[in-house]
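Next comes upload.cif, with mmCIF, C-alpha atoms and all ligand atoms.
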data_upload
loop_
_atom_site.group_PDB
_atom_site.id
_atom_site.type_symbol
_atom_site.label_atom_id
_atom_site.label_comp_id
_atom_site.auth_asym_id
_atom_site.auth_seq_id
_atom_site.Cartn_x
_atom_site.Cartn_y
_atom_site.Cartn_z
ATOM 1 C CA MET J 1085 -31.498 -55.090 26.763
ATOM 2 C CA GLN J 1086 -29.921 -53.985 30.009
ATOM 3 C CA VAL J 1087 -31.034 -50.602 31.301
ATOM 4 C CA PHE J 1088 -29.559 -49.017 34.427
ATOM 5 C CA HIS J 1089 -31.087 -46.312 36.626
ATOM 6 C CA PHE J 1090 -30.200 -44.547 39.865
ATOM 7 C CA ASP J 1091 -33.291 -42.525 40.758
ATOM 8 C CA ALA J 1092 -33.497 -44.092 44.227
ATOM 9 C CA GLN J 1093 -30.691 -41.651 45.138
ATOM 10 C CA PRO J 1094 -32.527 -38.375 45.708
ATOM 11 C CA LEU J 1095 -31.126 -35.018 44.643
ATOM 12 C CA HIS J 1096 -32.517 -33.020 47.634
ATOM 13 C CA LEU J 1097 -33.102 -29.748 45.815
ATOM 14 C CA PRO J 1098 -34.475 -26.644 47.499
ATOM 15 C CA GLU J 1099 -38.127 -25.782 46.912
ATOM 16 C CA GLY J 1100 -38.706 -24.191 43.502
ATOM 17 C CA HIS J 1101 -35.360 -25.326 41.970
ATOM 18 C CA ARG J 1102 -35.672 -25.456 38.173
ATOM 19 C CA PHE J 1103 -33.875 -28.757 37.574
ATOM 20 C CA PRO J 1104 -36.487 -31.388 36.564
ATOM 21 C CA HIS J 1105 -35.152 -34.093 38.900
ATOM 22 C CA HIS J 1106 -38.437 -36.053 38.870
ATOM 23 C CA LYS J 1107 -37.863 -36.938 35.185
ATOM 24 C CA TYR J 1108 -35.556 -39.880 36.000
ATOM 25 C CA ARG J 1109 -38.089 -41.757 38.089
ATOM 26 C CA ALA J 1110 -40.884 -40.892 35.652
ATOM 27 C CA LEU J 1111 -38.905 -42.376 32.747
ATOM 28 C CA ARG J 1112 -38.146 -45.557 34.665
ATOM 29 C CA GLU J 1113 -41.824 -45.899 35.567
ATOM 30 C CA ARG J 1114 -42.851 -45.396 31.937
ATOM 31 C CA LEU J 1115 -40.472 -48.215 30.935
ATOM 32 C CA THR J 1116 -41.519 -50.648 33.647
ATOM 33 C CA GLY J 1117 -43.130 -53.669 31.989
ATOM 34 C CA GLU J 1118 -41.715 -52.830 28.550
ATOM 35 C CA PRO J 1119 -40.865 -56.179 26.896
ATOM 36 C CA GLU J 1120 -37.212 -57.229 26.661
ATOM 37 C CA LEU J 1121 -35.903 -54.533 28.991
ATOM 38 C CA ARG J 1122 -34.000 -55.570 32.102
ATOM 39 C CA LEU J 1123 -34.255 -52.529 34.380
ATOM 40 C CA GLN J 1124 -31.642 -52.551 37.142
ATOM 41 C CA ALA J 1125 -30.385 -50.104 39.742
ATOM 42 C CA GLY J 1126 -26.853 -48.971 38.912
ATOM 43 C CA PRO J 1127 -24.208 -49.585 41.592
ATOM 44 C CA ALA J 1128 -22.060 -46.779 43.002
ATOM 45 C CA ALA J 1129 -18.800 -46.258 41.133
ATOM 46 C CA ASP J 1130 -15.726 -46.429 43.332
ATOM 47 C CA TRP J 1131 -13.623 -43.335 43.937
ATOM 48 C CA GLU J 1132 -10.618 -44.966 42.272
ATOM 49 C CA ALA J 1133 -12.481 -45.113 38.939
ATOM 50 C CA VAL J 1134 -13.666 -41.506 39.289
ATOM 51 C CA ALA J 1135 -10.142 -40.353 40.161
ATOM 52 C CA ARG J 1136 -8.796 -41.630 36.826
ATOM 53 C CA VAL J 1137 -10.511 -38.575 35.355
ATOM 54 C CA HIS J 1138 -11.180 -36.137 38.190
ATOM 55 C CA GLU J 1139 -8.521 -34.449 40.322
ATOM 56 C CA LEU J 1140 -8.251 -35.885 43.820
ATOM 57 C CA ALA J 1141 -8.743 -32.485 45.452
ATOM 58 C CA TYR J 1142 -12.024 -31.967 43.549
ATOM 59 C CA CYS J 1143 -13.197 -35.494 44.462
ATOM 60 C CA ALA J 1144 -12.436 -34.728 48.121
ATOM 61 C CA ARG J 1145 -14.430 -31.468 48.024
ATOM 62 C CA VAL J 1146 -17.434 -33.273 46.523
ATOM 63 C CA ARG J 1147 -17.126 -36.106 49.067
ATOM 64 C CA ASP J 1148 -16.609 -33.890 52.135
ATOM 65 C CA GLY J 1149 -18.913 -31.004 51.301
ATOM 66 C CA THR J 1150 -16.146 -28.430 51.041
ATOM 67 C CA LEU J 1151 -17.033 -27.141 47.555
ATOM 68 C CA SER J 1152 -16.954 -23.340 47.544
ATOM 69 C CA ALA J 1153 -20.149 -21.357 47.044
ATOM 70 C CA ALA J 1154 -18.922 -20.479 43.540
ATOM 71 C CA GLU J 1155 -18.305 -24.148 42.709
ATOM 72 C CA GLN J 1156 -21.808 -25.085 43.882
ATOM 73 C CA ARG J 1157 -23.308 -22.261 41.813
ATOM 74 C CA GLU J 1158 -21.390 -23.491 38.774
ATOM 75 C CA ILE J 1159 -22.724 -27.045 39.298
ATOM 76 C CA GLY J 1160 -26.225 -25.647 39.827
ATOM 77 C CA PHE J 1161 -27.005 -27.826 42.869
ATOM 78 C CA PRO J 1162 -26.305 -26.903 46.491
ATOM 79 C CA TRP J 1163 -24.133 -29.520 48.232
ATOM 80 C CA ASN J 1164 -25.801 -31.936 50.646
ATOM 81 C CA PRO J 1165 -24.667 -35.391 51.818
ATOM 82 C CA GLY J 1166 -26.715 -37.005 49.041
ATOM 83 C CA MET J 1167 -24.732 -35.245 46.287
ATOM 84 C CA PRO J 1168 -21.637 -37.514 46.288
ATOM 85 C CA VAL J 1169 -23.802 -40.631 46.723
ATOM 86 C CA ARG J 1170 -25.992 -39.738 43.765
ATOM 87 C CA ALA J 1171 -23.042 -38.660 41.607
ATOM 88 C CA LEU J 1172 -21.274 -41.998 42.224
ATOM 89 C CA HIS J 1173 -24.428 -43.936 41.310
ATOM 90 C CA SER J 1174 -24.873 -41.910 38.133
ATOM 91 C CA VAL J 1175 -21.317 -42.840 37.083
ATOM 92 C CA GLY J 1176 -21.816 -46.421 38.281
ATOM 93 C CA ALA J 1177 -24.892 -46.833 36.094
ATOM 94 C CA THR J 1178 -22.823 -45.822 33.057
ATOM 95 C CA LEU J 1179 -20.022 -48.224 34.066
ATOM 96 C CA ALA J 1180 -22.531 -51.062 34.449
ATOM 97 C CA ALA J 1181 -24.013 -50.197 31.044
ATOM 98 C CA THR J 1182 -20.506 -50.203 29.572
ATOM 99 C CA GLU J 1183 -19.883 -53.718 30.804
ATOM 100 C CA ALA J 1184 -23.274 -54.853 29.468
ATOM 101 C CA ALA J 1185 -22.720 -53.201 26.077
ATOM 102 C CA ARG J 1186 -19.409 -55.033 25.661
ATOM 103 C CA ARG J 1187 -21.326 -58.293 25.780
ATOM 104 C CA GLU J 1188 -24.597 -57.298 24.089
ATOM 105 C CA GLY J 1189 -23.715 -54.486 21.660
ATOM 106 C CA VAL J 1190 -25.731 -51.796 23.413
ATOM 107 C CA ALA J 1191 -26.985 -50.908 26.909
ATOM 108 C CA LEU J 1192 -28.470 -47.810 28.518
ATOM 109 C CA ASN J 1193 -28.210 -45.495 31.470
ATOM 110 C CA LEU J 1194 -31.521 -43.675 32.094
ATOM 111 C CA GLY J 1195 -29.455 -40.700 33.269
ATOM 112 C CA GLY J 1196 -25.774 -39.899 32.806
ATOM 113 C CA GLY J 1197 -24.251 -37.957 29.959
ATOM 114 C CA THR J 1198 -22.983 -35.357 32.442
ATOM 115 C CA HIS J 1199 -20.741 -33.774 29.830
ATOM 116 C CA HIS J 1200 -20.140 -30.363 31.428
ATOM 117 C CA ALA J 1201 -18.009 -31.812 34.253
ATOM 118 C CA LYS J 1202 -14.259 -31.244 33.799
ATOM 119 C CA ALA J 1203 -11.339 -32.886 35.617
ATOM 120 C CA ASP J 1204 -11.251 -30.282 38.382
ATOM 121 C CA ALA J 1205 -14.755 -28.803 38.345
ATOM 122 C CA GLY J 1206 -18.415 -29.575 37.857
ATOM 123 C CA GLY J 1207 -20.827 -27.387 35.919
ATOM 124 C CA GLY J 1208 -24.259 -27.184 34.306
ATOM 125 C CA TYR J 1209 -25.923 -29.787 36.607
ATOM 126 C CA CYS J 1210 -22.941 -32.145 36.177
ATOM 127 C CA VAL J 1211 -20.771 -33.275 39.116
ATOM 128 C CA PHE J 1212 -18.661 -36.042 37.537
ATOM 129 C CA ASN J 1213 -18.234 -36.869 33.858
ATOM 130 C CA ASP J 1214 -19.635 -40.408 33.695
ATOM 131 C CA VAL J 1215 -18.670 -41.013 30.062
ATOM 132 C CA ALA J 1216 -15.075 -39.885 30.627
ATOM 133 C CA VAL J 1217 -14.779 -42.158 33.669
ATOM 134 C CA ALA J 1218 -16.164 -45.075 31.636
ATOM 135 C CA ILE J 1219 -13.689 -44.406 28.804
ATOM 136 C CA ARG J 1220 -10.711 -44.455 31.175
ATOM 137 C CA TRP J 1221 -12.111 -47.621 32.757
ATOM 138 C CA LEU J 1222 -12.462 -49.341 29.357
ATOM 139 C CA GLN J 1223 -8.878 -48.403 28.529
ATOM 140 C CA GLN J 1224 -7.541 -49.437 31.917
ATOM 141 C CA GLN J 1225 -9.271 -52.844 31.698
ATOM 142 C CA GLY J 1226 -7.765 -53.283 28.220
ATOM 143 C CA TRP J 1227 -11.239 -53.694 26.708
ATOM 144 C CA ALA J 1228 -10.988 -50.802 24.241
ATOM 145 C CA GLN J 1229 -8.470 -48.097 23.465
ATOM 146 C CA ARG J 1230 -10.037 -46.101 20.604
ATOM 147 C CA VAL J 1231 -13.313 -44.668 21.798
ATOM 148 C CA LEU J 1232 -15.832 -42.355 20.133
ATOM 149 C CA VAL J 1233 -18.202 -39.939 21.879
ATOM 150 C CA ILE J 1234 -21.283 -38.966 19.860
ATOM 151 C CA ASP J 1235 -22.735 -36.086 21.864
ATOM 152 C CA LEU J 1236 -26.123 -35.006 20.474
ATOM 153 C CA ASP J 1237 -27.310 -33.268 23.621
ATOM 154 C CA VAL J 1238 -28.251 -29.727 22.559
ATOM 155 C CA HIS J 1239 -25.542 -28.254 24.807
ATOM 156 C CA GLN J 1240 -21.892 -28.453 23.827
ATOM 157 C CA GLY J 1241 -19.859 -31.191 25.536
ATOM 158 C CA ASN J 1242 -17.269 -28.791 26.947
ATOM 159 C CA GLY J 1243 -16.220 -30.970 29.891
ATOM 160 C CA THR J 1244 -15.660 -34.065 27.767
ATOM 161 C CA ALA J 1245 -13.799 -31.972 25.169
ATOM 162 C CA ALA J 1246 -11.502 -30.539 27.860
ATOM 163 C CA ILE J 1247 -10.763 -33.937 29.420
ATOM 164 C CA PHE J 1248 -9.797 -35.533 26.083
ATOM 165 C CA ALA J 1249 -8.137 -32.514 24.442
ATOM 166 C CA GLY J 1250 -4.985 -33.683 22.654
ATOM 167 C CA ASP J 1251 -5.812 -37.378 23.256
ATOM 168 C CA ASP J 1252 -5.777 -39.094 19.856
ATOM 169 C CA ALA J 1253 -7.351 -42.292 21.219
ATOM 170 C CA VAL J 1254 -10.655 -40.565 22.001
ATOM 171 C CA PHE J 1255 -12.707 -38.724 19.375
ATOM 172 C CA THR J 1256 -15.333 -36.287 20.646
ATOM 173 C CA LEU J 1257 -18.166 -35.197 18.347
ATOM 174 C CA SER J 1258 -20.612 -32.558 19.579
ATOM 175 C CA LEU J 1259 -23.646 -31.241 17.643
ATOM 176 C CA HIS J 1260 -25.243 -28.423 19.586
ATOM 177 C CA GLY J 1261 -27.012 -25.070 19.537
ATOM 178 C CA GLU J 1262 -24.412 -22.359 19.017
ATOM 179 C CA LYS J 1263 -26.342 -19.889 21.202
ATOM 180 C CA ASN J 1264 -26.791 -22.392 24.017
ATOM 181 C CA PHE J 1265 -24.930 -22.961 27.270
ATOM 182 C CA PRO J 1266 -21.956 -23.258 27.699
ATOM 183 C CA PHE J 1267 -21.191 -19.797 26.380
ATOM 184 C CA ARG J 1268 -17.473 -20.460 26.383
ATOM 185 C CA LYS J 1269 -17.120 -23.690 24.433
ATOM 186 C CA VAL J 1270 -14.071 -25.965 24.513
ATOM 187 C CA ALA J 1271 -13.002 -27.435 21.165
ATOM 188 C CA SER J 1272 -14.081 -31.059 20.628
ATOM 189 C CA SER J 1273 -12.442 -33.221 17.943
ATOM 190 C CA LEU J 1274 -15.403 -32.110 15.816
ATOM 191 C CA ASP J 1275 -17.934 -29.426 16.762
ATOM 192 C CA VAL J 1276 -21.046 -28.619 14.751
ATOM 193 C CA ASP J 1277 -22.687 -25.336 15.811
ATOM 194 C CA LEU J 1278 -26.337 -25.106 14.829
ATOM 195 C CA PRO J 1279 -28.468 -21.946 14.687
ATOM 196 C CA ASP J 1280 -31.669 -21.448 16.700
ATOM 197 C CA ASP J 1281 -34.744 -23.077 15.077
ATOM 198 C CA CYS J 1282 -32.438 -24.904 12.685
ATOM 199 C CA GLY J 1283 -35.183 -27.270 11.527
ATOM 200 C CA ASP J 1284 -35.366 -31.021 11.028
ATOM 201 C CA ASP J 1285 -33.832 -31.254 7.569
ATOM 202 C CA ALA J 1286 -30.840 -29.054 8.318
ATOM 203 C CA TYR J 1287 -30.201 -30.906 11.567
ATOM 204 C CA LEU J 1288 -30.306 -34.359 10.000
ATOM 205 C CA ALA J 1289 -28.133 -33.243 7.084
ATOM 206 C CA ALA J 1290 -25.578 -31.831 9.538
ATOM 207 C CA LEU J 1291 -25.598 -35.114 11.470
ATOM 208 C CA ASP J 1292 -24.992 -37.175 8.308
ATOM 209 C CA LEU J 1293 -22.124 -34.927 7.313
ATOM 210 C CA ALA J 1294 -20.594 -35.066 10.792
ATOM 211 C CA LEU J 1295 -20.767 -38.883 10.953
ATOM 212 C CA ASP J 1296 -19.134 -39.093 7.491
ATOM 213 C CA GLU J 1297 -16.321 -36.915 8.758
ATOM 214 C CA VAL J 1298 -15.934 -39.048 11.894
ATOM 215 C CA ALA J 1299 -15.692 -42.170 9.694
ATOM 216 C CA HIS J 1300 -12.818 -40.553 7.781
ATOM 217 C CA ARG J 1301 -10.959 -38.986 10.670
ATOM 218 C CA PHE J 1302 -11.438 -41.735 13.261
ATOM 219 C CA PRO J 1303 -11.730 -45.106 11.505
ATOM 220 C CA ALA J 1304 -12.517 -48.287 13.457
ATOM 221 C CA PRO J 1305 -13.546 -47.040 16.902
ATOM 222 C CA GLN J 1306 -13.706 -49.951 19.343
ATOM 223 C CA PHE J 1307 -16.466 -48.536 21.519
ATOM 224 C CA ALA J 1308 -18.836 -45.559 21.519
ATOM 225 C CA PHE J 1309 -20.901 -43.475 23.905
ATOM 226 C CA TYR J 1310 -24.045 -41.847 22.571
ATOM 227 C CA LEU J 1311 -25.395 -38.876 24.548
ATOM 228 C CA ALA J 1312 -28.994 -38.909 23.377
ATOM 229 C CA GLY J 1313 -30.186 -35.687 25.034
ATOM 230 C CA ALA J 1314 -33.893 -35.002 24.560
ATOM 231 C CA ASP J 1315 -33.211 -31.269 24.653
ATOM 232 C CA PRO J 1316 -32.976 -30.583 20.878
ATOM 233 C CA HIS J 1317 -36.747 -31.334 20.843
ATOM 234 C CA GLU J 1318 -39.285 -28.565 20.210
ATOM 235 C CA GLY J 1319 -40.853 -29.165 23.636
ATOM 236 C CA ASP J 1320 -37.643 -28.288 25.481
ATOM 237 C CA ARG J 1321 -37.547 -24.986 27.320
ATOM 238 C CA LEU J 1322 -33.762 -24.565 26.970
ATOM 239 C CA GLY J 1323 -33.096 -26.303 23.676
ATOM 240 C CA ARG J 1324 -33.673 -23.631 21.002
ATOM 241 C CA LEU J 1325 -33.327 -26.041 18.060
ATOM 242 C CA ARG J 1326 -36.994 -27.136 18.007
ATOM 243 C CA LEU J 1327 -36.728 -30.518 16.332
ATOM 244 C CA SER J 1328 -39.910 -32.540 15.785
ATOM 245 C CA THR J 1329 -40.475 -35.895 17.485
ATOM 246 C CA ASP J 1330 -40.005 -37.585 14.092
ATOM 247 C CA ALA J 1331 -36.679 -35.855 13.588
ATOM 248 C CA MET J 1332 -35.562 -37.018 17.039
ATOM 249 C CA ALA J 1333 -36.389 -40.595 15.950
ATOM 250 C CA ALA J 1334 -34.477 -40.116 12.700
ATOM 251 C CA ARG J 1335 -31.520 -38.774 14.710
ATOM 252 C CA ASP J 1336 -31.404 -41.857 16.938
ATOM 253 C CA ALA J 1337 -31.940 -44.249 14.026
ATOM 254 C CA THR J 1338 -29.092 -42.596 12.088
ATOM 255 C CA VAL J 1339 -26.697 -43.079 14.993
ATOM 256 C CA PHE J 1340 -27.709 -46.711 15.596
ATOM 257 C CA HIS J 1341 -27.442 -47.506 11.886
ATOM 258 C CA TRP J 1342 -23.967 -45.944 11.736
ATOM 259 C CA LEU J 1343 -22.843 -47.968 14.776
ATOM 260 C CA TRP J 1344 -24.367 -51.187 13.435
ATOM 261 C CA GLN J 1345 -22.688 -50.815 10.042
ATOM 262 C CA ARG J 1346 -19.334 -50.599 11.817
ATOM 263 C CA GLN J 1347 -20.149 -53.107 14.575
ATOM 264 C CA VAL J 1348 -19.253 -50.645 17.318
ATOM 265 C CA PRO J 1349 -20.693 -51.509 20.749
ATOM 266 C CA ALA J 1350 -22.180 -48.487 22.478
ATOM 267 C CA VAL J 1351 -23.640 -47.137 25.682
ATOM 268 C CA VAL J 1352 -26.588 -44.756 25.406
ATOM 269 C CA THR J 1353 -26.974 -42.117 28.119
ATOM 270 C CA MET J 1354 -30.087 -39.957 28.290
ATOM 271 C CA ALA J 1355 -28.226 -36.682 29.055
ATOM 272 C CA GLY J 1356 -30.313 -33.461 29.074
ATOM 273 C CA GLY J 1357 -33.998 -32.684 28.824
ATOM 274 C CA TYR J 1358 -35.812 -29.664 30.323
ATOM 275 C CA PRO J 1359 -39.464 -30.228 29.538
ATOM 276 C CA THR J 1360 -42.288 -27.741 29.410
ATOM 277 C CA ASP J 1361 -44.493 -30.856 29.174
ATOM 278 C CA LEU J 1362 -42.975 -33.850 30.985
ATOM 279 C CA ASP J 1363 -45.067 -36.425 29.125
ATOM 280 C CA ALA J 1364 -43.989 -35.074 25.741
ATOM 281 C CA MET J 1365 -40.336 -35.299 26.784
ATOM 282 C CA LEU J 1366 -40.840 -38.823 28.101
ATOM 283 C CA ASP J 1367 -42.320 -39.753 24.716
ATOM 284 C CA VAL J 1368 -39.055 -38.649 23.096
ATOM 285 C CA GLN J 1369 -36.944 -40.565 25.626
ATOM 286 C CA VAL J 1370 -39.065 -43.718 25.365
ATOM 287 C CA GLN J 1371 -38.704 -43.464 21.582
ATOM 288 C CA THR J 1372 -34.904 -43.423 22.031
ATOM 289 C CA VAL J 1373 -35.050 -46.472 24.313
ATOM 290 C CA ARG J 1374 -37.236 -48.402 21.832
ATOM 291 C CA LEU J 1375 -34.941 -47.579 18.920
ATOM 292 C CA ALA J 1376 -32.002 -48.708 21.046
ATOM 293 C CA LYS J 1377 -33.901 -51.930 21.708
ATOM 294 C CA GLY J 1378 -34.301 -52.525 17.970
ATOM 295 C CA HIS J 1379 -30.561 -51.986 17.626
ATOM 296 C CA TRP J 1380 -29.938 -54.436 20.515
ATOM 297 C CA ALA J 1381 -32.165 -57.039 18.815
ATOM 298 C CA ARG J 1382 -29.992 -56.898 15.687
ATOM 299 C CA TRP J 1383 -26.900 -57.588 17.810
ATOM 300 C CA LYS J 1384 -28.718 -60.388 19.595
ATOM 301 C CA ASN J 1385 -29.943 -62.016 16.389
ATOM 302 C CA ALA J 1386 -26.464 -61.864 14.878
ATOM 303 C CA ALA J 1387 -24.998 -63.456 18.031
ATOM 304 C CA ASP J 1388 -27.681 -66.173 18.068
ATOM 305 C CA PHE J 1389 -26.982 -66.875 14.403
ATOM 306 C CA ALA J 1390 -23.220 -67.039 14.975
ATOM 307 C CA GLY J 1391 -23.747 -69.365 17.919
ATOM 308 C CA ALA J 1392 -26.190 -71.660 16.088
ATOM 309 C CA PRO J 1393 -25.009 -75.222 15.326
HETATM 310 ZN ZN ZN E 1401 -28.278 -30.501 27.425
#
Taking this structure as input, can you express it in the form of structure tokens?
Amino acid sequence: MQVFHFDAQPLHLPEGHRFPHHKYRALRERLTGEPELRLQAGPAADWEAVARVHELAYCARVRDGTLSAAEQREIGFPWNPGMPVRALHSVGATLAATEAARREGVALNLGGGTHHAKADAGGGYCVFNDVAVAIRWLQQQGWAQRVLVIDLDVHQGNGTAAIFAGDDAVFTLSLHGEKNFPFRKVASSLDVDLPDDCGDDAYLAALDLALDEVAHRFPAPQFAFYLAGADPHEGDRLGRLRLSTDAMAARDATVFHWLWQRQVPAVVTMAGGYPTDLDAMLDVQVQTVRLAKGHWARWKNAADFAGAP
């Protein structure tokens, strides 16, 4: 399975900043040597691809370092020359995973899922919306028109919802904590607001119900993006939902089963995760990667069977 990363592009945060930027490298290191994974550095996306989603003036402010103080506060990172470089690689890793998933059924970005970024503004540690850029790229290449976003990060996918509002070709599903950031949510095609401490059973029941509704309202998607945030987990300091590690596995397995039943190729992005204990969060993320690998193996076996003499 092809897995893309971009942690060689540093974030350059000031001392004491709360964003856990070291998690990307730590996850890649945990996965190094894992059988059947092809870990690769993601290339930088080109500005033309980014500009299919983001306004040119916003792209120019990110590129040139002319974001206002308020815009930088909203993003949560102060601008430095590394910001545009890293943001383009984050998007590029998702684009590379998209191309791989077309061929192999599933591929991963060890970051990405920057779902708070809107067309003209970043927010919540998101500069560009990698999934939105990849969707426009898929459509522009003629590879897929009807695309589904399954956003199970604990925060609502407000940026993605805003970008695809009124666009019938893209269905956005977001399951999230109702009391969590962003406090002003933007309507997705389907939003499921969950209460604090909602519990494993209620969460998994809500997910089943939501996927049933997606199947009815948006039949035959040609491609999907799964934002597999680790932040609904009980070890997350921002997440509030407090799901067990087993429930996180059941969540991922439910999504992969749903996609497999419908033969929908998908990219998995790791999205959010704000650990109190980094190792515990990495356990959850590695679990997601291994379940994705099982899903990939089913695609591979089916392809080998189809190609057999
Ligand atoms: Zn999140």
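The residue that comes closest to His1096 (chain J), out of J:Met1332, J:Leu1236, J:Val1169, J:Ala1153 and on the basis of all atoms listed in the file, is J:Val1169.
Applied to this file, the PyMOL selection byres (((chain J and resi 1206-1220) around 6) and not hetatm) selects Val1134, Val1137, Glu1158, Ile1159, Gly1160, Val1175, Leu1179, Thr1198, His1199, His1200, Ala1201, Ala1205, Trp1221, Leu1222, Gln1223 and Gln1224 of chain J.
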*Which chains and residue numbers are within 12 Å of ligand ZN 1401 (chain E), counting all atoms listed in the file, if I want them as a VMD selection string?*
chain J and resid 1103 1195 to 1200 1207 to 1210 1235 to 1242 1258 to 1261 1264 to 1266 1311 to 1317 1320 to 1325 1353 to 1359
Deliver the residues from the most recent selection as a file, using C-alpha atoms, as a PDB file, in the frame of the given file.
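To be explicit, this is the file written out as out.pdb:
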ATOM      1  CA  PHE J1103     -33.875 -28.757  37.574  1.00  0.00           C
ATOM      2  CA  GLY J1195     -29.455 -40.700  33.269  1.00  0.00           C
ATOM      3  CA  GLY J1196     -25.774 -39.899  32.806  1.00  0.00           C
ATOM      4  CA  GLY J1197     -24.251 -37.957  29.959  1.00  0.00           C
ATOM      5  CA  THR J1198     -22.983 -35.357  32.442  1.00  0.00           C
ATOM      6  CA  HIS J1199     -20.741 -33.774  29.830  1.00  0.00           C
ATOM      7  CA  HIS J1200     -20.140 -30.363  31.428  1.00  0.00           C
ATOM      8  CA  GLY J1207     -20.827 -27.387  35.919  1.00  0.00           C
ATOM      9  CA  GLY J1208     -24.259 -27.184  34.306  1.00  0.00           C
ATOM     10  CA  TYR J1209     -25.923 -29.787  36.607  1.00  0.00           C
ATOM     11  CA  CYS J1210     -22.941 -32.145  36.177  1.00  0.00           C
ATOM     12  CA  ASP J1235     -22.735 -36.086  21.864  1.00  0.00           C
ATOM     13  CA  LEU J1236     -26.123 -35.006  20.474  1.00  0.00           C
ATOM     14  CA  ASP J1237     -27.310 -33.268  23.621  1.00  0.00           C
ATOM     15  CA  VAL J1238     -28.251 -29.727  22.559  1.00  0.00           C
ATOM     16  CA  HIS J1239     -25.542 -28.254  24.807  1.00  0.00           C
ATOM     17  CA  GLN J1240     -21.892 -28.453  23.827  1.00  0.00           C
ATOM     18  CA  GLY J1241     -19.859 -31.191  25.536  1.00  0.00           C
ATOM     19  CA  ASN J1242     -17.269 -28.791  26.947  1.00  0.00           C
ATOM     20  CA  SER J1258     -20.612 -32.558  19.579  1.00  0.00           C
ATOM     21  CA  LEU J1259     -23.646 -31.241  17.643  1.00  0.00           C
ATOM     22  CA  HIS J1260     -25.243 -28.423  19.586  1.00  0.00           C
ATOM     23  CA  GLY J1261     -27.012 -25.070  19.537  1.00  0.00           C
ATOM     24  CA  ASN J1264     -26.791 -22.392  24.017  1.00  0.00           C
ATOM     25  CA  PHE J1265     -24.930 -22.961  27.270  1.00  0.00           C
ATOM     26  CA  PRO J1266     -21.956 -23.258  27.699  1.00  0.00           C
ATOM     27  CA  LEU J1311     -25.395 -38.876  24.548  1.00  0.00           C
ATOM     28  CA  ALA J1312     -28.994 -38.909  23.377  1.00  0.00           C
ATOM     29  CA  GLY J1313     -30.186 -35.687  25.034  1.00  0.00           C
ATOM     30  CA  ALA J1314     -33.893 -35.002  24.560  1.00  0.00           C
ATOM     31  CA  ASP J1315     -33.211 -31.269  24.653  1.00  0.00           C
ATOM     32  CA  PRO J1316     -32.976 -30.583  20.878  1.00  0.00           C
ATOM     33  CA  HIS J1317     -36.747 -31.334  20.843  1.00  0.00           C
ATOM     34  CA  ASP J1320     -37.643 -28.288  25.481  1.00  0.00           C
ATOM     35  CA  ARG J1321     -37.547 -24.986  27.320  1.00  0.00           C
ATOM     36  CA  LEU J1322     -33.762 -24.565  26.970  1.00  0.00           C
ATOM     37  CA  GLY J1323     -33.096 -26.303  23.676  1.00  0.00           C
ATOM     38  CA  ARG J1324     -33.673 -23.631  21.002  1.00  0.00           C
ATOM     39  CA  LEU J1325     -33.327 -26.041  18.060  1.00  0.00           C
ATOM     40  CA  THR J1353     -26.974 -42.117  28.119  1.00  0.00           C
ATOM     41  CA  MET J1354     -30.087 -39.957  28.290  1.00  0.00           C
ATOM     42  CA  ALA J1355     -28.226 -36.682  29.055  1.00  0.00           C
ATOM     43  CA  GLY J1356     -30.313 -33.461  29.074  1.00  0.00           C
ATOM     44  CA  GLY J1357     -33.998 -32.684  28.824  1.00  0.00           C
ATOM     45  CA  TYR J1358     -35.812 -29.664  30.323  1.00  0.00           C
ATOM     46  CA  PRO J1359     -39.464 -30.228  29.538  1.00  0.00           C
TER      47      PRO J1359
END
With all atoms listed in the file counted and 12 Å as the cut-off, give the residues of region 1132-1182 of chain J in contact with region 1245-1252 of chain J, each with its shortest interatomic distance in Å and the pair that gives it, as a tab-separated table.
residue	atom	partner	partner_atom	distance
J:Arg1136	CA	J:Ile1247	CA	10.9
J:Val1137	CA	J:Ile1247	CA	7.5
J:His1138	CA	J:Ile1247	CA	9.1
J:Glu1139	CA	J:Ile1247	CA	11.1
Take the point (-5.6, -40.8, 18.4) as written in the file and pick out every residue within 10 Å of it, counting only C-alpha atoms; give the list as an mmCIF file with C-alpha atoms, in the coordinates of the input.
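Saved the output as result.cif:
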data_model
loop_
_atom_site.group_PDB
_atom_site.id
_atom_site.type_symbol
_atom_site.label_atom_id
_atom_site.label_comp_id
_atom_site.auth_asym_id
_atom_site.auth_seq_id
_atom_site.Cartn_x
_atom_site.Cartn_y
_atom_site.Cartn_z
ATOM 1 C CA GLN J 1229 -8.470 -48.097 23.465
ATOM 2 C CA ARG J 1230 -10.037 -46.101 20.604
ATOM 3 C CA VAL J 1231 -13.313 -44.668 21.798
ATOM 4 C CA GLY J 1250 -4.985 -33.683 22.654
ATOM 5 C CA ASP J 1251 -5.812 -37.378 23.256
ATOM 6 C CA ASP J 1252 -5.777 -39.094 19.856
ATOM 7 C CA ALA J 1253 -7.351 -42.292 21.219
ATOM 8 C CA VAL J 1254 -10.655 -40.565 22.001
ATOM 9 C CA PHE J 1255 -12.707 -38.724 19.375
ATOM 10 C CA ARG J 1301 -10.959 -38.986 10.670
ATOM 11 C CA PHE J 1302 -11.438 -41.735 13.261
#
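Atom pair CA of Val1190 (chain J) / CA of Ala1350 (chain J): separated by 4.9 Å.
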*Enumerate, as a list in words, the protein, DNA and RNA residues whose atoms approach (-36.2, -50.8, 35.7) to within 8 Å, taking into account only C-alpha atoms and the coordinate frame of the file.*
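Those residues lying close to the given coordinates are Val1087, Phe1088, His1089, Arg1112, Glu1113, Leu1115, Thr1116, Leu1121, Arg1122, Leu1123, Gln1124 and Ala1125 of chain J.
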